[in-house]
file run.csv (CSV, C-alpha atoms)
chain,number,residue,atom,x,y,z
F,1,MET,CA,116.2,109.8,99.4
F,2,ASN,CA,115.9,109.4,95.6
F,3,LYS,CA,112.9,110.4,93.4
F,4,ALA,CA,111.5,106.9,93.5
F,5,GLN,CA,111.4,106.9,97.3
F,6,LYS,CA,109.8,110.3,97.4
F,7,ARG,CA,107.2,109.2,95.0
F,8,THR,CA,106.5,106.0,97.1
F,9,TRP,CA,106.1,108.1,100.2
F,10,LEU,CA,103.5,110.2,98.4
F,11,LYS,CA,101.7,107.1,97.2
F,12,LEU,CA,101.7,105.7,100.8
F,13,ALA,CA,100.3,109.0,102.1
F,14,VAL,CA,97.6,109.0,99.4
F,15,SER,CA,96.6,105.4,100.1
F,16,VAL,CA,96.3,106.0,103.8
F,17,ALA,CA,94.2,109.1,103.1
F,18,GLY,CA,92.1,107.0,100.7
F,19,LEU,CA,91.5,104.4,103.4
F,20,LEU,CA,90.5,107.1,105.8
F,21,VAL,CA,88.1,108.5,103.2
F,22,MET,CA,86.7,105.1,102.6
F,23,ALA,CA,86.2,104.5,106.4
F,24,GLY,CA,84.4,107.8,106.6
F,25,ALA,CA,82.2,107.1,103.7
F,26,LEU,CA,81.2,103.7,105.0
F,27,THR,CA,80.5,105.2,108.4
F,28,MET,CA,78.3,107.9,106.9
F,29,ILE,CA,76.4,105.2,104.9
F,30,LYS,CA,75.9,103.2,108.0
F,31,ILE,CA,74.9,106.1,110.2
F,32,ASN,CA,72.5,107.8,107.7
F,33,ASP,CA,71.2,104.4,106.6
F,34,LEU,CA,71.6,105.4,103.0
F,35,ASP,CA,69.5,103.4,100.5
F,36,MET,CA,70.2,102.9,96.8
F,37,ALA,CA,66.5,102.9,96.1
F,38,ASP,CA,66.1,106.5,97.3
F,39,GLU,CA,67.2,109.1,94.6
F,40,ALA,CA,68.7,111.6,97.1
F,41,ASP,CA,70.7,108.8,98.8
F,42,HIS,CA,71.7,107.4,95.5
F,43,THR,CA,73.3,110.8,94.6
F,44,ALA,CA,75.0,110.9,97.9
F,45,LEU,CA,76.4,107.4,97.3
F,46,ARG,CA,77.7,108.5,93.9
F,47,LEU,CA,79.5,111.5,95.4
F,48,LEU,CA,81.0,109.3,98.1
F,49,GLY,CA,82.2,106.9,95.4
F,50,LEU,CA,83.7,109.8,93.5
F,51,LEU,CA,85.5,111.0,96.7
F,52,CYS,CA,87.0,107.5,97.2
F,53,THR,CA,88.1,107.5,93.5
F,54,ILE,CA,90.1,110.7,93.8
F,55,PRO,CA,93.1,109.1,95.8
F,56,LEU,CA,93.3,106.3,93.2
F,57,ILE,CA,93.4,108.9,90.3
F,58,LEU,CA,96.2,110.7,92.3
F,59,VAL,CA,98.2,107.5,92.5
F,60,VAL,CA,97.8,106.9,88.7
F,61,ILE,CA,99.1,110.5,88.1
F,62,LEU,CA,102.0,109.8,90.4
F,63,ASN,CA,102.9,106.7,88.4
F,64,TRP,CA,102.7,108.6,85.1
F,65,GLY,CA,106.0,108.6,83.4
F,66,TRP,CA,107.7,106.6,86.1
F,67,LYS,CA,110.0,104.8,83.7
F,68,LYS,CA,111.8,108.1,83.0
F,69,ILE,CA,113.2,108.4,86.5
F,70,TYR,CA,113.8,104.8,87.4
F,71,ASP,CA,117.0,102.9,86.9
F,72,GLU,CA,117.3,99.1,86.8
F,73,ARG,CA,117.5,98.7,90.6
F,74,ASP,CA,114.4,100.9,91.1
F,75,MET,CA,112.5,98.8,88.5
F,76,HIS,CA,113.6,95.6,90.2
F,77,ILE,CA,112.4,96.8,93.6
F,78,GLU,CA,109.1,98.1,92.1
F,79,ARG,CA,108.4,94.8,90.4
F,80,ARG,CA,109.0,92.8,93.5
F,81,SER,CA,106.8,95.3,95.5
F,82,LEU,CA,104.0,94.8,93.0
F,83,ILE,CA,104.2,91.0,93.5
F,84,ILE,CA,104.1,91.4,97.3
F,85,GLY,CA,101.1,93.9,97.0
F,86,SER,CA,99.2,91.5,94.7
F,87,THR,CA,99.7,88.7,97.1
F,88,ALA,CA,98.4,90.9,99.9
F,89,VAL,CA,95.3,91.6,97.8
F,90,PHE,CA,94.6,87.9,97.3
F,91,VAL,CA,95.0,87.3,101.0
F,92,PHE,CA,92.8,90.2,101.8
F,93,LEU,CA,90.0,89.1,99.4
F,94,GLY,CA,90.2,85.6,100.6
F,95,GLY,CA,90.0,86.7,104.2
F,96,VAL,CA,87.0,88.9,103.5
F,97,VAL,CA,85.2,86.0,101.8
F,98,MET,CA,85.9,83.6,104.7
F,99,ILE,CA,84.6,86.2,107.2
F,100,LEU,CA,81.5,86.6,105.2
F,101,ILE,CA,80.9,82.9,105.0
F,102,VAL,CA,81.3,82.7,108.8
F,103,ILE,CA,79.1,85.7,109.6
F,104,LYS,CA,76.5,85.4,107.0
F,105,PRO,CA,76.5,81.8,105.6
F,106,LEU,CA,73.0,82.1,104.1
F,107,GLY,CA,72.4,85.8,104.3
F,108,SER,CA,72.7,88.6,101.8
F,109,ILE,CA,75.1,91.6,101.8
F,110,ASN,CA,74.4,95.2,100.9
F,111,VAL,CA,74.7,96.3,97.3
F,112,TYR,CA,77.4,98.9,98.1
F,113,PHE,CA,79.6,96.2,99.6
F,114,LEU,CA,81.1,95.1,96.3
F,115,PRO,CA,82.3,98.5,95.1
F,116,SER,CA,83.6,99.2,98.7
F,117,LEU,CA,85.5,95.9,98.5
F,118,VAL,CA,87.0,96.8,95.1
F,119,TYR,CA,88.2,100.2,96.5
F,120,LEU,CA,89.6,98.6,99.6
F,121,ALA,CA,91.5,96.0,97.5
F,122,CYS,CA,93.0,98.9,95.4
F,123,PHE,CA,94.1,100.7,98.6
F,124,VAL,CA,95.5,97.5,100.1
F,125,LEU,CA,97.6,97.0,96.9
F,126,ILE,CA,99.0,100.5,96.9
F,127,LEU,CA,99.6,100.5,100.7
F,128,VAL,CA,101.4,97.1,100.9
F,129,SER,CA,103.4,97.7,97.7
F,130,SER,CA,104.5,101.1,98.9
F,131,VAL,CA,105.6,99.7,102.3
F,132,ALA,CA,107.5,96.9,100.5
F,133,THR,CA,109.2,99.4,98.3
F,134,LEU,CA,110.3,101.6,101.2
F,135,VAL,CA,111.5,98.6,103.2
F,136,GLN,CA,113.6,97.3,100.3
F,137,TYR,CA,115.2,100.7,99.8
F,138,GLY,CA,115.9,101.1,103.5
F,139,TRP,CA,117.3,97.7,104.1
F,140,GLY,CA,119.1,97.2,100.8
F,141,GLY,CA,117.0,94.3,99.8
F,142,LYS,CA,118.1,91.0,98.3
F,143,ASP,CA,117.8,92.5,94.8
F,144,GLY,CA,119.4,90.4,92.1
F,145,GLU,CA,119.9,87.5,94.4
F,146,LYS,CA,117.6,84.4,94.0
X,1,MET,CA,118.8,91.2,104.7
X,2,ALA,CA,121.5,88.9,103.2
X,3,LYS,CA,124.2,90.4,101.2
X,4,SER,CA,124.6,89.6,97.5
X,5,LYS,CA,127.1,86.8,96.7
X,6,VAL,CA,128.6,89.0,94.1
X,7,THR,CA,131.5,91.1,95.4
X,8,ASN,CA,133.3,93.8,93.6
X,9,GLN,CA,136.4,96.0,93.4
X,10,ILE,CA,134.5,99.2,92.4
X,11,ARG,CA,135.6,101.3,95.3
X,12,ARG,CA,139.3,100.5,94.7
X,13,LEU,CA,138.9,101.0,90.9
X,14,ARG,CA,137.2,104.4,91.5
X,15,PHE,CA,140.2,105.6,93.5
X,16,GLU,CA,142.7,104.3,91.0
X,17,ASN,CA,140.9,106.1,88.2
X,18,GLY,CA,141.5,109.7,89.3
X,19,GLU,CA,139.5,109.4,92.5
X,20,MET,CA,136.2,109.1,90.6
X,21,THR,CA,133.2,109.9,92.7
X,22,GLN,CA,130.2,107.6,93.0
X,23,GLN,CA,128.1,110.2,91.2
X,24,GLN,CA,130.6,110.3,88.3
X,25,LEU,CA,130.5,106.5,88.0
X,26,ALA,CA,126.7,106.6,88.2
X,27,ASP,CA,126.4,109.1,85.4
X,28,ALA,CA,128.8,107.2,83.2
X,29,ALA,CA,126.9,103.9,83.8
X,30,GLY,CA,123.5,105.5,83.4
X,31,VAL,CA,122.2,104.7,86.9
X,32,THR,CA,121.6,106.5,90.1
X,33,ARG,CA,124.2,107.1,92.8
X,34,GLN,CA,122.1,105.0,95.2
X,35,THR,CA,122.4,102.0,92.8
X,36,ILE,CA,126.2,102.4,92.8
X,37,ILE,CA,126.2,102.6,96.6
X,38,ALA,CA,124.1,99.4,96.8
X,39,ILE,CA,126.4,97.6,94.4
X,40,GLU,CA,129.6,98.7,96.2
X,41,ALA,CA,128.1,97.4,99.5
X,42,SER,CA,127.3,94.1,97.8
X,43,LYS,CA,123.6,94.7,98.6
X,44,TYR,CA,122.6,94.6,94.9
X,45,ALA,CA,123.9,92.4,92.1
X,46,PRO,CA,123.7,94.4,88.9
X,47,SER,CA,122.4,93.1,85.6
X,48,LEU,CA,124.8,91.8,83.0
X,49,THR,CA,124.4,94.9,81.0
X,50,LEU,CA,125.2,97.2,83.9
X,51,ALA,CA,128.1,95.1,85.0
X,52,PHE,CA,129.7,95.4,81.5
X,53,LYS,CA,129.0,99.1,81.4
X,54,ILE,CA,130.8,99.6,84.7
X,55,ALA,CA,133.8,97.4,83.5
X,56,GLN,CA,133.9,99.6,80.3
X,57,VAL,CA,134.1,102.8,82.4
X,58,PHE,CA,137.2,101.5,84.1
X,59,ALA,CA,138.5,100.0,80.9
X,60,VAL,CA,139.0,96.5,82.5
X,61,SER,CA,137.5,93.1,82.0
X,62,ILE,CA,134.3,92.3,84.0
X,63,GLU,CA,136.1,89.7,86.1
X,64,ASN,CA,138.4,92.4,87.4
X,65,VAL,CA,135.4,94.3,88.7
X,66,PHE,CA,133.0,91.5,89.9
X,67,GLN,CA,133.6,88.2,91.7
X,68,TYR,CA,131.2,85.5,92.6
X,69,GLN,CA,131.5,84.1,96.1
X,70,GLY,CA,129.2,81.1,95.7
X,71,LYS,CA,130.1,77.4,95.6
X,72,SER,CA,132.6,76.3,92.9
X,73,PHE,CA,131.8,73.3,90.8

call {"tool": "encode", "arguments": {"input": "run.csv", "output": "structure tokens"}}
result
Amino acid sequence: MNKAQKRTWLKLAVSVAGLLVMAGALTMIKINDLDMADEADHTALRLLGLLCTIPLILVVILNWGWKKIYDERDMHIERRSLIIGSTAVFVFLGGVVMILIVIKPLGSINVYFLPSLVYLACFVLILVSSVATLVQYGWGGKDGEK
Amino acid sequence: MAKSKVTNQIRRLRFENGEMTQQQLADAAGVTRQTIIAIEASKYAPSLTLAFKIAQVFAVSIENVFQYQGKSF
């Protein structure tokens, strides 16, 4: 396993942890019926948001200086994985919008829904691109071949 | 996954050049050993720059190292 693969496994672990933290945060919001108008609840929501941001910061740190350890094949795989991850984010966001239209065609959604959606989109991007990277390394990939 | 249409003689050339290891070739070409492994197995087609670097390491022309197995025109 080369450095790029090790780094990708770490990113995958961090993104899964981030998704679990998000799920926990949303569950807490639902159970405690946190309200943005209440000051104490507002502080709690800020802390939860910070908790969800930590995995994303870890991923940025992991990517820091990545060009120094990658060779051309690694960069090729990473570029393709990013395209696959971006496509997955579009599909995810489109799916969420369609579900919302079906469930709440004329209704409103909670104010914390949008930041949650942004965080989830980031984690989907990291998760799918990490899996795509590991699959390409494991199976050899069609790198360089159109 | 489909193999690359670009085949190569790298393994043979390595043995003909003092039984060069994959790591030695990788160091000379400025890539990782995994990349050399993928190229030898025809699972990765190198860039033009890398192909020329590998040919230079063996002191042969690029056609002696890499061959294209696609349709001929």

call {"tool": "atom_distance", "arguments": {"input": "run.csv", "atom1": "CA of Ser15 (chain F)", "atom2": "CA of Ala121 (chain F)"}}
result
11.0 Å

call {"tool": "closest_residue", "arguments": {"input": "run.csv", "among": "F:Cys52, F:Ala13, F:Ile103, F:Val131", "to": "Gly85 (chain F)", "atoms": "only C-alpha atoms"}}
result
F:Val131

call {"tool": "residues_around", "arguments": {"input": "run.csv", "residues": "Val91 (chain F)", "least_positions_apart": "4", "cutoff": "12 Å", "atoms": "all atoms listed in the file", "output": "ChimeraX atom specification"}}
result
/F:84-87,95-98,121,124-125,128

call {"tool": "interface_residues", "arguments": {"input": "run.csv", "of": "chain X", "to": "chain F", "cutoff": "12 Å", "atoms": "all atoms listed in the file", "output": "VMD selection string"}}
result
chain X and resid 1 to 6 26 to 27 29 to 51 68 70

call {"tool": "residues_near_point", "arguments": {"input": "run.csv", "point": "(133.2, 102.7, 94.4)", "cutoff": "9 Å", "atoms": "only C-alpha atoms", "output": "PyMOL selection string"}}
result
chain X and resi 8-15+20-22+25+36-37+39-41

call {"tool": "residues_around", "arguments": {"input": "run.csv", "residues": "Leu117 (chain F)", "least_positions_apart": "2", "cutoff": "12 Å", "atoms": "only C-alpha atoms", "output": "list in words"}}
result
Leu19, Met22, Ala23, Leu26, Gly49, Cys52, Val89, Phe92, Leu93, Gly94, Gly95, Val96, Val97, Ile109, Asn110, Val111, Tyr112, Phe113, Leu114, Pro115, Tyr119, Leu120, Ala121, Cys122, Phe123 and Val124 of chain F

call {"tool": "write_last_selection", "arguments": {"input": "run.csv", "atoms": "C-alpha atoms", "output": "PDB file, in the frame of the given file"}}
result
ATOM      1  CA  LEU F  19      91.500 104.400 103.400  1.00  0.00           C
ATOM      2  CA  MET F  22      86.700 105.100 102.600  1.00  0.00           C
ATOM      3  CA  ALA F  23      86.200 104.500 106.400  1.00  0.00           C
ATOM      4  CA  LEU F  26      81.200 103.700 105.000  1.00  0.00           C
ATOM      5  CA  GLY F  49      82.200 106.900  95.400  1.00  0.00           C
ATOM      6  CA  CYS F  52      87.000 107.500  97.200  1.00  0.00           C
ATOM      7  CA  VAL F  89      95.300  91.600  97.800  1.00  0.00           C
ATOM      8  CA  PHE F  92      92.800  90.200 101.800  1.00  0.00           C
ATOM      9  CA  LEU F  93      90.000  89.100  99.400  1.00  0.00           C
ATOM     10  CA  GLY F  94      90.200  85.600 100.600  1.00  0.00           C
ATOM     11  CA  GLY F  95      90.000  86.700 104.200  1.00  0.00           C
ATOM     12  CA  VAL F  96      87.000  88.900 103.500  1.00  0.00           C
ATOM     13  CA  VAL F  97      85.200  86.000 101.800  1.00  0.00           C
ATOM     14  CA  ILE F 109      75.100  91.600 101.800  1.00  0.00           C
ATOM     15  CA  ASN F 110      74.400  95.200 100.900  1.00  0.00           C
ATOM     16  CA  VAL F 111      74.700  96.300  97.300  1.00  0.00           C
ATOM     17  CA  TYR F 112      77.400  98.900  98.100  1.00  0.00           C
ATOM     18  CA  PHE F 113      79.600  96.200  99.600  1.00  0.00           C
ATOM     19  CA  LEU F 114      81.100  95.100  96.300  1.00  0.00           C
ATOM     20  CA  PRO F 115      82.300  98.500  95.100  1.00  0.00           C
ATOM     21  CA  TYR F 119      88.200 100.200  96.500  1.00  0.00           C
ATOM     22  CA  LEU F 120      89.600  98.600  99.600  1.00  0.00           C
ATOM     23  CA  ALA F 121      91.500  96.000  97.500  1.00  0.00           C
ATOM     24  CA  CYS F 122      93.000  98.900  95.400  1.00  0.00           C
ATOM     25  CA  PHE F 123      94.100 100.700  98.600  1.00  0.00           C
ATOM     26  CA  VAL F 124      95.500  97.500 100.100  1.00  0.00           C
TER      27      VAL F 124
END

call {"tool": "atom_distance", "arguments": {"input": "run.csv", "atom1": "CA of Lys104 (chain F)", "atom2": "CA of Gly18 (chain F)"}}
result
27.4 Å

call {"tool": "closest_residue", "arguments": {"input": "run.csv", "among": "F:Leu12, F:Met28, F:His76, F:Gly138", "to": "Leu56 (chain F)", "atoms": "all atoms listed in the file"}}
result
F:Leu12

call {"tool": "atom_distance", "arguments": {"input": "run.csv", "atom1": "CA of Glu19 (chain X)", "atom2": "CA of Ala59 (chain X)"}}
result
15.0 Å

call {"tool": "decode", "arguments": {"input": "run.csv", "residues": "region 12-46 of chain X", "atoms": "N, CA and C atoms", "output": "PDB file, in the first residue's frame"}}
result
ATOM      1  N   ARG X  12      11.543  -7.424 -19.718  1.00  0.00           N
ATOM      2  CA  ARG X  12      12.687  -8.005 -20.432  1.00  0.00           C
ATOM      3  C   ARG X  12      13.877  -7.041 -20.396  1.00  0.00           C
ATOM      4  N   LEU X  13      13.601  -5.771 -20.631  1.00  0.00           N
ATOM      5  CA  LEU X  13      14.684  -4.778 -20.657  1.00  0.00           C
ATOM      6  C   LEU X  13      15.330  -4.632 -19.280  1.00  0.00           C
ATOM      7  N   ARG X  14      14.537  -4.751 -18.240  1.00  0.00           N
ATOM      8  CA  ARG X  14      15.096  -4.674 -16.872  1.00  0.00           C
ATOM      9  C   ARG X  14      16.101  -5.793 -16.644  1.00  0.00           C
ATOM     10  N   PHE X  15      15.715  -7.005 -17.054  1.00  0.00           N
ATOM     11  CA  PHE X  15      16.621  -8.145 -16.845  1.00  0.00           C
ATOM     12  C   PHE X  15      17.858  -8.047 -17.727  1.00  0.00           C
ATOM     13  N   GLU X  16      17.687  -7.438 -18.901  1.00  0.00           N
ATOM     14  CA  GLU X  16      18.843  -7.301 -19.799  1.00  0.00           C
ATOM     15  C   GLU X  16      19.787  -6.202 -19.338  1.00  0.00           C
ATOM     16  N   ASN X  17      19.303  -5.325 -18.461  1.00  0.00           N
ATOM     17  CA  ASN X  17      20.136  -4.215 -17.972  1.00  0.00           C
ATOM     18  C   ASN X  17      20.588  -4.474 -16.545  1.00  0.00           C
ATOM     19  N   GLY X  18      21.297  -5.531 -16.364  1.00  0.00           N
ATOM     20  CA  GLY X  18      21.874  -5.859 -15.062  1.00  0.00           C
ATOM     21  C   GLY X  18      20.833  -6.237 -14.027  1.00  0.00           C
ATOM     22  N   GLU X  19      19.768  -6.895 -14.498  1.00  0.00           N
ATOM     23  CA  GLU X  19      18.687  -7.344 -13.605  1.00  0.00           C
ATOM     24  C   GLU X  19      18.208  -6.203 -12.706  1.00  0.00           C
ATOM     25  N   MET X  20      17.902  -5.108 -13.363  1.00  0.00           N
ATOM     26  CA  MET X  20      17.406  -3.921 -12.649  1.00  0.00           C
ATOM     27  C   MET X  20      16.100  -4.259 -11.935  1.00  0.00           C
ATOM     28  N   THR X  21      15.958  -3.791 -10.714  1.00  0.00           N
ATOM     29  CA  THR X  21      14.703  -4.031  -9.982  1.00  0.00           C
ATOM     30  C   THR X  21      13.667  -2.976 -10.372  1.00  0.00           C
ATOM     31  N   GLN X  22      12.426  -3.266 -10.028  1.00  0.00           N
ATOM     32  CA  GLN X  22      11.343  -2.310 -10.307  1.00  0.00           C
ATOM     33  C   GLN X  22      11.578  -1.013  -9.530  1.00  0.00           C
ATOM     34  N   GLN X  23      12.075  -1.150  -8.312  1.00  0.00           N
ATOM     35  CA  GLN X  23      12.338   0.034  -7.495  1.00  0.00           C
ATOM     36  C   GLN X  23      13.417   0.904  -8.120  1.00  0.00           C
ATOM     37  N   GLN X  24      14.460   0.268  -8.662  1.00  0.00           N
ATOM     38  CA  GLN X  24      15.549   1.028  -9.292  1.00  0.00           C
ATOM     39  C   GLN X  24      15.025   1.774 -10.516  1.00  0.00           C
ATOM     40  N   LEU X  25      14.199   1.092 -11.304  1.00  0.00           N
ATOM     41  CA  LEU X  25      13.620   1.735 -12.486  1.00  0.00           C
ATOM     42  C   LEU X  25      12.713   2.882 -12.065  1.00  0.00           C
ATOM     43  N   ALA X  26      11.911   2.649 -11.010  1.00  0.00           N
ATOM     44  CA  ALA X  26      11.002   3.685 -10.517  1.00  0.00           C
ATOM     45  C   ALA X  26      11.780   4.922 -10.055  1.00  0.00           C
ATOM     46  N   ASP X  27      12.872   4.693  -9.355  1.00  0.00           N
ATOM     47  CA  ASP X  27      13.692   5.820  -8.865  1.00  0.00           C
ATOM     48  C   ASP X  27      14.297   6.582 -10.036  1.00  0.00           C
ATOM     49  N   ALA X  28      14.748   5.846 -11.044  1.00  0.00           N
ATOM     50  CA  ALA X  28      15.378   6.491 -12.202  1.00  0.00           C
ATOM     51  C   ALA X  28      14.355   7.294 -13.003  1.00  0.00           C
ATOM     52  N   ALA X  29      13.116   6.780 -13.052  1.00  0.00           N
ATOM     53  CA  ALA X  29      12.076   7.460 -13.843  1.00  0.00           C
ATOM     54  C   ALA X  29      11.304   8.501 -13.035  1.00  0.00           C
ATOM     55  N   GLY X  30      11.519   8.509 -11.723  1.00  0.00           N
ATOM     56  CA  GLY X  30      10.855   9.513 -10.885  1.00  0.00           C
ATOM     57  C   GLY X  30       9.408   9.195 -10.568  1.00  0.00           C
ATOM     58  N   VAL X  31       9.073   7.920 -10.491  1.00  0.00           N
ATOM     59  CA  VAL X  31       7.712   7.505 -10.132  1.00  0.00           C
ATOM     60  C   VAL X  31       7.793   6.472  -9.016  1.00  0.00           C
ATOM     61  N   THR X  32       6.634   5.999  -8.575  1.00  0.00           N
ATOM     62  CA  THR X  32       6.606   4.989  -7.522  1.00  0.00           C
ATOM     63  C   THR X  32       6.720   3.591  -8.129  1.00  0.00           C
ATOM     64  N   ARG X  33       7.083   2.646  -7.289  1.00  0.00           N
ATOM     65  CA  ARG X  33       7.213   1.254  -7.764  1.00  0.00           C
ATOM     66  C   ARG X  33       5.858   0.721  -8.225  1.00  0.00           C
ATOM     67  N   GLN X  34       4.790   1.133  -7.557  1.00  0.00           N
ATOM     68  CA  GLN X  34       3.440   0.706  -7.946  1.00  0.00           C
ATOM     69  C   GLN X  34       3.111   1.111  -9.376  1.00  0.00           C
ATOM     70  N   THR X  35       3.573   2.290  -9.769  1.00  0.00           N
ATOM     71  CA  THR X  35       3.318   2.752 -11.140  1.00  0.00           C
ATOM     72  C   THR X  35       4.050   1.872 -12.140  1.00  0.00           C
ATOM     73  N   ILE X  36       5.284   1.509 -11.827  1.00  0.00           N
ATOM     74  CA  ILE X  36       6.054   0.624 -12.716  1.00  0.00           C
ATOM     75  C   ILE X  36       5.362  -0.735 -12.803  1.00  0.00           C
ATOM     76  N   ILE X  37       4.867  -1.235 -11.671  1.00  0.00           N
ATOM     77  CA  ILE X  37       4.152  -2.521 -11.653  1.00  0.00           C
ATOM     78  C   ILE X  37       2.921  -2.445 -12.554  1.00  0.00           C
ATOM     79  N   ALA X  38       2.174  -1.347 -12.427  1.00  0.00           N
ATOM     80  CA  ALA X  38       0.950  -1.178 -13.233  1.00  0.00           C
ATOM     81  C   ALA X  38       1.295  -1.071 -14.723  1.00  0.00           C
ATOM     82  N   ILE X  39       2.389  -0.392 -15.042  1.00  0.00           N
ATOM     83  CA  ILE X  39       2.800  -0.246 -16.451  1.00  0.00           C
ATOM     84  C   ILE X  39       3.209  -1.601 -17.009  1.00  0.00           C
ATOM     85  N   GLU X  40       4.012  -2.356 -16.257  1.00  0.00           N
ATOM     86  CA  GLU X  40       4.480  -3.677 -16.721  1.00  0.00           C
ATOM     87  C   GLU X  40       3.315  -4.619 -16.973  1.00  0.00           C
ATOM     88  N   ALA X  41       2.284  -4.517 -16.127  1.00  0.00           N
ATOM     89  CA  ALA X  41       1.107  -5.381 -16.268  1.00  0.00           C
ATOM     90  C   ALA X  41       0.124  -4.839 -17.303  1.00  0.00           C
ATOM     91  N   SER X  42       0.517  -3.772 -18.000  1.00  0.00           N
ATOM     92  CA  SER X  42      -0.337  -3.118 -19.010  1.00  0.00           C
ATOM     93  C   SER X  42      -1.667  -2.653 -18.427  1.00  0.00           C
ATOM     94  N   LYS X  43      -1.670  -2.313 -17.153  1.00  0.00           N
ATOM     95  CA  LYS X  43      -2.889  -1.796 -16.524  1.00  0.00           C
ATOM     96  C   LYS X  43      -2.892  -0.270 -16.507  1.00  0.00           C
ATOM     97  N   TYR X  44      -1.772   0.311 -16.878  1.00  0.00           N
ATOM     98  CA  TYR X  44      -1.689   1.764 -16.924  1.00  0.00           C
ATOM     99  C   TYR X  44      -0.815   2.175 -18.100  1.00  0.00           C
ATOM    100  N   ALA X  45      -1.340   3.093 -18.936  1.00  0.00           N
ATOM    101  CA  ALA X  45      -0.555   3.616 -20.056  1.00  0.00           C
ATOM    102  C   ALA X  45       0.122   4.901 -19.589  1.00  0.00           C
ATOM    103  N   PRO X  46       1.463   4.946 -19.574  1.00  0.00           N
ATOM    104  CA  PRO X  46       2.149   6.123 -19.044  1.00  0.00           C
ATOM    105  C   PRO X  46       1.987   7.333 -19.948  1.00  0.00           C
TER     106      PRO X  46
END
